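Encoded as structure tokens, the structure appears first; notes follow it.
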Amino acid sequence: MSRILTVGGAQLGPIAPDESRESAVARMIELLHEAKARGCGLVVFPEMALSTFFPRYYEEDISKMDRFYEREMPNDAVRPLFEAAEKADIAFYLGYCELTPDGHRFNTAILVDKGKIVGKYRKVHLPGHAEYDPNRPWQHLEKRYFEPGDLGWPVWRCRDGVMGMGLCNDRRWPETYRVMALKGVELTMFGYNTPDRNTAAPEPNHLRMYHNHLVMQAGAYQNSCFVVGVAKAGIEDGCMLIGGSCIVQPSGEIIALASTLEDELIVANCDLDLAKMGKETVFNFAKHRRIEHYGIISSQ
Ligand code: ING
């Protein structure tokens, strides 16, 4: 019996610095209703889906940014999304900023199904910098406002598939996909907030979208899994974030692609058994990998 899961990528347009969580949640519930009407069993929302991408701003005292973090999950602002998804019988991925009771700050994503948090991930690869950089048009201070994730890349069985999560910059690193693939992942999810200008080094603008899709298509093919990449897009407080949300199948082909920089749902029927073919042939890890030559990857 084939395991076809209809997957939705719920891209969000800009979230203004003063936009309330309630407003962002209402927009996501709208997309959830559309996902229900289109038969989705899983919906992926972006990274930092409850707030503007605040690491573009410098604050000497980082506690001044506490308003962008969630101290508990779910909370009053987010519970309506949990309830709407449970009512629609849809599992979802949500990216948000986590402030733990003992004061640790993470860029976090959760997988939620039937009203419960199935799994949590904390962003491992933090791009950008920790101190103010006067040479940049916008800051990218994720190393200032977050600690590297401490959970690794777990995978979870959900909706009859094996699922895993990453966040934004993680999608650029082959290790992210490989760790999950070695645990049997069939579908990986990445919310992202990607400025359309590389503020660290001058590079042609067309490379933003080229690299965005290159890394997810490569990750999908080389690890024989589906990849769902979902943007927060559009001009947030003057800073353009790329769109290009997409669903990639294990062959590496894009099977659903966003066409706007707004709130937009993309949908694809994902036959999870497609992930098996690559795992049993070209990327049969047990048969073909030669780990005696790979040590340097995790020792340097
Ligand atoms: N954003 C960007 C990303 O990895 C970035 C940071 C932009 C890195 C451009 C390299 C080049 O898509 C986040 N939030 O990680």
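Going through the structure tokens in order, the chains are called A, B, and so on, while each chain numbers its residues from 1 and the ligands are numbered from 1 in the order shown.
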
Check your understanding: Which residues sit within 10 Å of ligand 1, counting only C-alpha atoms and all ligand atoms, listed as JSON, numbers by chain?
Key -> {"A": [47, 48, 53, 55, 56, 107, 123, 125, 126, 127, 128, 140, 141, 142, 167, 168, 169, 170, 171, 172, 173, 191, 192, 193, 194, 195, 196, 197, 198, 199, 200, 201, 203, 207, 208, 209, 211, 212, 231, 232, 241, 242]}

Open item on the list: Residues within 6 Å of segment 259-273 of chain A, please, as an MDAnalysis selection string. Count only C-alpha atoms; anything in the same chain fewer than 6 positions from it doesn't count.
Closed with: chainID A and resid 3:13 233:234 243

**Q.** Backbone DSSP call of alpha helix (DSSP H) for segment 10-200 of chain A, listed as a PyMOL selection string
**A.** chain A and resi 21-37+79-88+142-145+174-181

- Item | Given only C-alpha atoms as the counted atoms, nearest of A:Gly115, A:Gly149, A:Gly295, A:Pro46 to Arg79 of chain A |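 For Arg79 of chain A, the nearest of the given residues is A:Gly115.
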
For this session: From the DSSP assignment of the backbone, select every residue of segment 32-177 of chain A that is strand (DSSP E), and format the answer as a PyMOL selection string.
Result: chain A and resi 42-44+91-99+105-113+116-122+155-158+161-167

>> as an NGL selection string, please: the residues near segment 87-104 of chain A (cut-off 7 Å, only C-alpha atoms, same-chain neighbours under 6 positions excluded).
In response: :A and (36 or 40-50 or 68-71 or 110-114 or 191)

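Pairwise distance (atom CA of Ile29 of chain A, atom CA of His213 of chain A) equals 26.8 Å.
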
Contacts of Pro250 of chain A at 6 Å or less, counting only C-alpha atoms, minus same-chain residues fewer than 6 places along, as a count of residues only? 6

Length of the atom CA of Phe82 of chain A to atom CA of Met240 of chain A vector [Å]: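 So the two atoms, atom CA of Phe82 of chain A and atom CA of Met240 of chain A, lie 29.4 Å apart.
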
| field | Among listed residues A:Val185, A:Thr176, A:His288, A:Gly119, nearest Val215 of chain A (using only C-alpha atoms) | value |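 Checking each of A:Val185, A:Thr176, A:His288, A:Gly119 against Val215 of chain A, counting only C-alpha atoms, the winner is A:Thr176.
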
Check: What is the atom CA of Pro174 of chain A to atom CA of Leu214 of chain A distance in Å?
Finding: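 Atom CA of Leu214 of chain A lies at a distance of 11.6 Å from atom CA of Pro174 of chain A.
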
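Residues with any atom within 8 Å of Val227 of chain A, counting only C-alpha atoms and excluding same-chain neighbours fewer than 3 positions away, are A:Leu187, A:Thr188, A:Met189, A:Phe190, A:Met216, A:Gln217, A:Gly219, A:Ala220, A:Ile247, A:Val248, A:Gln249, A:Pro250.
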
Can those selected residues be exported to a file as an mmCIF file, in the first residue's frame so that it contains N, CA and C atoms?
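This is the output file out24.cif:
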```
data_model
loop_
_atom_site.group_PDB
_atom_site.id
_atom_site.type_symbol
_atom_site.label_atom_id
_atom_site.label_comp_id
_atom_site.auth_asym_id
_atom_site.auth_seq_id
_atom_site.Cartn_x
_atom_site.Cartn_y
_atom_site.Cartn_z
ATOM 1 N N LEU A 187 11.644 12.433 4.845
ATOM 2 C CA LEU A 187 11.171 13.786 4.506
ATOM 3 C C LEU A 187 11.782 14.773 5.495
ATOM 4 N N THR A 188 12.499 15.766 4.948
ATOM 5 C CA THR A 188 13.130 16.784 5.809
ATOM 6 C C THR A 188 12.458 18.131 5.547
ATOM 7 N N MET A 189 12.401 18.957 6.598
ATOM 8 C CA MET A 189 11.701 20.243 6.518
ATOM 9 C C MET A 189 12.630 21.368 6.944
ATOM 10 N N PHE A 190 12.661 22.454 6.155
ATOM 11 C CA PHE A 190 13.510 23.615 6.464
ATOM 12 C C PHE A 190 12.713 24.897 6.267
ATOM 13 N N MET A 216 19.025 22.308 -1.615
ATOM 14 C CA MET A 216 17.922 21.417 -1.221
ATOM 15 C C MET A 216 17.743 20.283 -2.230
ATOM 16 N N GLN A 217 17.972 20.592 -3.512
ATOM 17 C CA GLN A 217 17.851 19.522 -4.510
ATOM 18 C C GLN A 217 18.973 18.498 -4.342
ATOM 19 N N GLY A 219 20.620 17.927 -1.516
ATOM 20 C CA GLY A 219 20.370 17.218 -0.257
ATOM 21 C C GLY A 219 19.345 16.120 -0.434
ATOM 22 N N ALA A 220 18.313 16.414 -1.224
ATOM 23 C CA ALA A 220 17.258 15.417 -1.457
ATOM 24 C C ALA A 220 17.804 14.227 -2.224
ATOM 25 N N ILE A 247 9.025 22.103 -2.818
ATOM 26 C CA ILE A 247 8.998 20.718 -2.361
ATOM 27 C C ILE A 247 9.829 19.930 -3.373
ATOM 28 N N VAL A 248 10.836 19.229 -2.881
ATOM 29 C CA VAL A 248 11.773 18.508 -3.744
ATOM 30 C C VAL A 248 11.603 17.012 -3.482
ATOM 31 N N GLN A 249 11.521 16.223 -4.568
ATOM 32 C CA GLN A 249 11.366 14.772 -4.369
ATOM 33 C C GLN A 249 12.731 14.097 -4.366
ATOM 34 N N PRO A 250 12.848 12.858 -3.959
ATOM 35 C CA PRO A 250 14.164 12.203 -3.795
ATOM 36 C C PRO A 250 15.013 12.178 -5.068
#
```
